[in-house]
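Note: the block below is coords02.cif and it holds mmCIF, C-alpha atoms.
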```cif
data_final
#
loop_
_atom_site.label_atom_id
_atom_site.label_comp_id
_atom_site.auth_asym_id
_atom_site.auth_seq_id
_atom_site.Cartn_x
_atom_site.Cartn_y
_atom_site.Cartn_z
CA ASP A 231 0.00 0.00 0.00
CA LEU A 232 2.82 2.41 0.81
CA ALA A 233 4.50 1.64 -2.50
CA GLN A 234 1.29 2.23 -4.43
CA GLU A 235 0.56 5.56 -2.75
CA LEU A 236 4.15 6.78 -3.16
CA GLY A 237 4.44 5.59 -6.75
CA LEU A 238 7.46 3.40 -5.91
CA SER A 239 8.20 -0.29 -6.32
CA LYS A 240 7.62 -2.63 -3.37
CA SER A 241 11.32 -3.47 -3.27
CA ALA A 242 12.27 0.22 -3.04
CA VAL A 243 9.90 0.75 -0.10
CA SER A 244 11.12 -2.43 1.59
CA ASN A 245 14.75 -1.40 1.17
CA ALA A 246 14.01 2.06 2.53
CA LEU A 247 12.22 0.79 5.62
CA ASN A 248 14.77 -1.93 6.37
CA GLY A 249 17.88 0.17 5.87
CA VAL A 250 19.00 -1.84 2.84
CA ARG A 251 21.06 -0.32 0.04
CA GLY A 252 19.42 0.37 -3.29
CA VAL A 253 17.55 3.60 -2.61
CA SER A 254 18.71 7.18 -2.27
CA ASP A 255 18.79 8.94 1.10
CA GLU A 256 16.06 11.25 -0.17
CA THR A 257 13.79 8.33 -1.04
CA ARG A 258 14.53 6.61 2.23
CA GLU A 259 13.53 9.67 4.25
CA ARG A 260 10.44 10.19 2.10
CA VAL A 261 9.31 6.59 2.67
CA LYS A 262 9.97 6.70 6.41
CA ALA A 263 8.14 10.01 6.81
CA PHE A 264 5.14 8.72 4.87
CA ALA A 265 5.10 5.46 6.86
CA GLU A 266 5.17 7.45 10.11
CA GLU A 267 2.37 9.69 8.86
CA LYS A 268 0.22 6.66 8.03
CA GLY A 269 1.00 4.96 11.34
CA TRP A 270 2.58 1.98 9.62
CA ARG A 271 4.49 -0.53 11.76
CA PRO A 272 6.32 -3.66 10.61
CA ASN A 273 4.73 -7.04 11.27
CA ALA A 274 7.11 -8.58 13.81
CA LEU A 275 6.09 -12.15 12.98
CA ALA A 276 6.53 -11.64 9.25
CA ARG A 277 9.89 -9.95 9.78
CA ALA A 278 11.07 -12.78 12.02
CA LEU A 279 9.96 -15.39 9.49
CA SER A 280 11.70 -13.62 6.63
CA ARG A 281 14.93 -13.51 8.62
CA GLY A 282 14.60 -17.04 9.94
CA LYS A 283 14.79 -15.76 13.51
CA ALA A 284 12.37 -15.66 16.42
CA LEU A 285 13.92 -12.47 17.84
CA ALA A 286 13.46 -13.85 21.35
CA ILE A 287 15.74 -15.14 24.12
CA GLY A 288 14.19 -17.81 26.34
CA VAL A 289 14.46 -18.28 30.10
CA CYS A 290 12.60 -21.22 31.65
CA LEU A 291 12.72 -21.49 35.44
CA ALA A 292 11.66 -24.64 37.28
CA ARG A 293 10.31 -22.45 40.06
CA HIS A 294 6.90 -21.23 41.19
CA PRO A 295 5.87 -17.79 39.83
CA ASP A 296 5.68 -16.46 43.41
CA LEU A 297 9.48 -16.61 43.41
CA LEU A 298 9.68 -13.37 41.42
CA ALA A 299 7.93 -11.48 44.20
CA ASN A 300 10.32 -12.73 46.89
CA GLU A 301 13.69 -13.39 45.26
CA PRO A 302 15.78 -10.25 44.55
CA PHE A 303 18.34 -12.26 42.56
CA TYR A 304 15.95 -13.08 39.74
CA GLN A 305 14.46 -9.60 39.80
CA MET A 306 17.91 -8.12 39.23
CA VAL A 307 18.96 -10.67 36.61
CA LEU A 308 15.80 -10.31 34.53
CA ALA A 309 15.98 -6.52 34.82
CA GLY A 310 19.60 -6.68 33.66
CA MET A 311 18.72 -8.80 30.65
CA GLU A 312 15.89 -6.46 29.70
CA SER A 313 18.17 -3.43 30.04
CA VAL A 314 20.35 -4.91 27.29
CA LEU A 315 17.57 -6.27 25.08
CA VAL A 316 15.67 -2.96 25.12
CA ASP A 317 18.15 -1.53 22.61
CA THR A 318 17.74 -4.49 20.25
CA GLU A 319 14.91 -6.15 18.35
CA TYR A 320 14.99 -9.07 20.77
CA SER A 321 12.46 -9.82 23.50
CA LEU A 322 12.76 -11.93 26.63
CA LEU A 323 10.47 -14.96 26.74
CA LEU A 324 10.03 -16.10 30.36
CA ARG A 325 8.34 -19.34 31.47
CA MET A 326 8.02 -20.54 35.05
CA VAL A 327 6.91 -24.15 35.31
CA GLY A 328 7.03 -24.97 39.03
CA ASP A 329 9.19 -27.74 40.42
CA GLN A 330 7.51 -30.72 38.76
CA PRO A 331 10.34 -32.79 37.19
CA GLY A 332 10.58 -32.69 33.42
CA ARG A 333 8.23 -29.77 32.76
CA ASP A 334 11.11 -27.48 31.82
CA LEU A 335 12.45 -30.08 29.38
CA ALA A 336 9.08 -30.14 27.62
CA VAL A 337 9.21 -26.34 27.30
CA TYR A 338 12.60 -26.46 25.55
CA GLU A 339 11.32 -29.14 23.19
CA ASP A 340 8.27 -27.01 22.35
CA TRP A 341 10.43 -23.92 21.82
CA ALA A 342 12.68 -25.83 19.44
CA ARG A 343 9.81 -27.44 17.53
CA GLU A 344 7.99 -24.12 17.14
CA ALA A 345 11.18 -22.05 16.58
CA ARG A 346 10.07 -19.74 19.39
CA VAL A 347 13.54 -18.63 20.55
CA ASP A 348 16.97 -17.97 19.05
CA GLY A 349 18.77 -18.95 22.24
CA VAL A 350 18.27 -19.68 25.94
CA VAL A 351 19.93 -18.79 29.23
CA LEU A 352 20.01 -21.58 31.83
CA PHE A 353 19.75 -20.85 35.55
CA ASP A 354 19.77 -23.17 38.57
CA LEU A 355 22.33 -25.55 37.10
CA ARG A 356 22.13 -29.06 38.52
CA ASP A 357 24.46 -32.00 38.93
CA ALA A 358 24.22 -34.15 35.75
CA ASP A 359 21.84 -31.52 34.41
CA PRO A 360 19.51 -33.18 31.84
CA ARG A 361 18.96 -29.85 30.07
CA LEU A 362 22.51 -29.65 28.74
CA PRO A 363 22.44 -32.71 26.45
CA LEU A 364 18.85 -31.96 25.45
CA LEU A 365 19.62 -28.41 24.31
CA LYS A 366 22.67 -29.61 22.40
CA GLN A 367 20.50 -32.20 20.68
CA LEU A 368 17.85 -29.58 19.88
CA GLY A 369 20.50 -27.23 18.51
CA ILE A 370 19.42 -24.22 20.57
CA PRO A 371 22.31 -21.82 21.37
CA THR A 372 22.71 -21.90 25.16
CA LEU A 373 24.40 -19.75 27.79
CA LEU A 374 24.91 -21.13 31.30
CA ALA A 375 24.36 -18.71 34.18
CA GLY A 376 26.79 -20.47 36.49
CA LYS A 377 29.74 -22.83 36.42
CA ALA A 378 29.30 -26.39 35.17
CA ASP A 379 31.31 -29.22 33.67
CA SER A 380 30.32 -28.36 30.12
CA ASP A 381 31.80 -26.87 26.97
CA LEU A 382 28.82 -24.52 26.64
CA PRO A 383 29.55 -20.81 27.23
CA GLN A 384 29.26 -19.87 30.90
CA VAL A 385 29.01 -16.70 32.99
CA PHE A 386 29.99 -17.00 36.67
CA ASP A 387 31.96 -15.51 39.55
CA GLU A 388 35.20 -17.47 39.86
CA GLU A 389 35.19 -17.01 43.63
CA SER A 390 32.38 -15.32 45.51
CA PRO A 391 33.53 -13.75 48.82
CA GLU A 392 30.17 -13.63 50.59
CA ALA A 393 30.51 -16.96 52.39
CA ASP A 394 33.92 -16.05 53.79
CA ASP A 395 32.66 -12.58 54.79
CA VAL A 396 29.71 -14.01 56.73
CA VAL A 397 31.82 -16.64 58.53
CA ALA A 398 34.51 -14.07 59.36
CA HIS A 399 31.84 -11.77 60.82
CA LEU A 400 30.43 -14.55 63.01
CA ALA A 401 33.90 -15.56 64.16
CA GLY A 402 34.64 -11.92 64.99
CA LEU A 403 31.58 -11.86 67.25
CA GLY A 404 33.02 -14.78 69.20
CA HIS A 405 30.83 -17.58 67.82
CA HIS A 406 32.28 -21.09 67.64
CA HIS A 407 29.42 -23.07 66.08
CA VAL A 408 27.80 -22.14 62.76
CA LEU A 409 24.51 -23.47 61.43
CA HIS A 410 24.21 -23.10 57.65
CA LEU A 411 20.66 -23.00 56.27
CA THR A 412 20.96 -23.84 52.58
CA GLY A 413 18.85 -23.95 49.49
CA PRO A 414 17.99 -27.14 47.55
CA GLU A 415 21.14 -29.27 47.48
CA HIS A 416 20.55 -30.55 43.93
CA LEU A 417 21.56 -27.09 42.64
CA LEU A 418 25.24 -26.58 41.85
CA HIS A 419 25.40 -23.04 43.24
CA VAL A 420 24.04 -24.34 46.56
CA THR A 421 26.60 -27.14 46.85
CA ASN A 422 29.35 -24.68 45.88
CA ARG A 423 28.23 -22.30 48.63
CA ILE A 424 28.11 -25.15 51.17
CA ALA A 425 31.70 -26.00 50.29
CA GLN A 426 32.74 -22.33 50.64
CA VAL A 427 31.14 -22.02 54.07
CA ALA A 428 32.70 -25.28 55.24
CA ARG A 429 36.13 -24.18 54.05
CA ALA A 430 35.79 -20.77 55.74
CA CYS A 431 34.76 -22.44 59.01
CA ALA A 432 37.63 -24.94 58.88
CA GLU A 433 40.15 -22.16 58.31
CA ARG A 434 38.96 -20.51 61.57
CA GLY A 435 38.53 -23.64 63.64
CA LEU A 436 34.75 -23.29 63.78
#
```
How would this structure read if it were set down as structure tokens?
Amino acid sequence: DLAQELGLSKSAVSNALNGVRGVSDETRERVKAFAEEKGWRPNALARALSRGKALAIGVCLARHPDLLANEPFYQMVLAGMESVLVDTEYSLLLRMVGDQPGRDLAVYEDWAREARVDGVVLFDLRDADPRLPLLKQLGIPTLLAGKADSDLPQVFDEESPEADDVVAHLAGLGHHHVLHLTGPEHLLHVTNRIAQVARACAERGL
């Protein structure tokens, strides 16, 4: 419709709107101004299909949705991801499936079958995590938020000082016995923290 009203070819209008070479700067500005005047917006689904991309990054958490109201870590992480994606064409696709075993695996299979995401970020890494071989098999680009025995790209703190800081503080107050209340011990970051606390206690004779 834009091409017809402007007296241009469809390819010229498409090139102008998509920043592709083949049209003059004058024509590009004319097309963009006319599109803005008419309130035209690109069809995101059609654009994604034409590029062969979903323009979405997936995060599937095997946690209850109430977690987001009570867990500052995920609030900060998701806000951080959105702060980067806001300057791109990509969106964040978030699914929370509770703690029923296998539900998150089914989500990844659906995402792959329906081409819903271009990549995923994995949180709450587990020992012998079944998601790692599945995502490799599905061919979905994957980033691990944490350290694991895998050749997939990973983002993690090499050594987090919080455990040592807490134990040092308790020791400084004169305490000799420490009780460590942990999270679920099937999660790698929990077992890593347990080991850090134990090491910090041993170093101080607690």
Check: For A:Ala425, which of A:Gly332, A:His405, A:Leu298, A:Asp394 is the closest residue, counting all atoms listed in the file?
Finding: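 The answer is A:Asp394, which sits nearest to A:Ala425.
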Note to self: Running the PyMOL selection byres ((chain A and resi 235) around 12) on this model by hand, what would come out? Give it as number ranges by chain.
What the structure shows: A: 231-234, 236-240, 243, 260-261, 264-265, 268
Next item on the list: For A:His416, list every protein, DNA or RNA residue within 12 Å, evaluated using all atoms listed in the file, and leave out those in the same chain fewer than 2 positions away; present the list as an NGL selection string.
Entry: :A and (354-359 or 412-414 or 418-422 or 424)
Note to self: Report, in Å to a single decimal, how far apart atom CA of A:Ala284 and atom CA of A:Asp348 are.
What the structure shows: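 Result for atom CA of A:Asp348 versus atom CA of A:Ala284: 5.8 Å, one decimal.
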Next item on the list: Record the distance separating atom CA of A:Arg423 and atom CA of A:Gly288, expressed in Å with one decimal.
Entry: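 Between atom CA of A:Arg423 and atom CA of A:Gly288 the gap is 26.7 Å.
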Next item on the list: Pick out the residues sitting within 12 Å of stretch 302-306 of chain A, and hand them over as number ranges by chain; count all atoms listed in the file, and ignore anything fewer than 4 positions along from it in its own chain.
Entry: A: 289-291, 293, 295-298, 310-313, 324, 326, 353-354, 375
Next item on the list: Using atom CA of A:Glu266 and atom CA of A:Lys283 as the two end points, give the distance in Å to one decimal.
Entry: 25.4 Å
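Among the candidate residues A:Ala336, A:Asn300, A:Val347, A:Pro363, the one lying nearest to A:Leu322 is A:Val347, with distances computed using only C-alpha atoms.
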Note to self: Evaluate the PyMOL selection byres ((chain A and resi 374) around 7) against this structure - the residues, as a PyMOL selection string, please.
What the structure shows: chain A and resi 351-353+372-373+375-376+382-385
Notebook entry, point to check: Given the choices A:Val253, A:Ala345, A:Val316, A:Leu403, which gets closest to A:Gly282 if the distance is worked out from only C-alpha atoms?
Noted result: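 Result for the nearest residue to A:Gly282: A:Ala345.
Near stretch 400-402 of chain A, within a cut-off of 10 Å and counting all atoms listed in the file, sit the residues Asp394, Asp395, His407, Val408, Cys431, Arg434, Gly435 and Leu436 of chain A, with same-chain residues fewer than 5 positions away left out.
The residue that comes closest to A:Val396, out of A:Val427, A:Leu308, A:Leu323, A:Lys366 and on the basis of all atoms listed in the file, is A:Val427.
When all atoms listed in the file are used to measure the gap to A:Val397, the shortest distance among A:Glu415, A:Glu433, A:Ile370, A:Leu364 belongs to A:Glu433.
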Notebook entry, point to check: In terms of the shortest atom-to-atom distance over all atoms listed in the file, which of A:Ala242, A:Leu417, A:Ala292, A:Val350 is closest to A:Gly328?
Noted result: A:Ala292
Next item on the list: With a distance cut-off of 8 Å and only C-alpha atoms, select the neighbouring residues of A:Arg346, excluding the residue or stretch itself and same-chain residues fewer than 3 positions from it, and output the selection as a PyMOL selection string.
Entry: chain A and resi 284+286+341-343
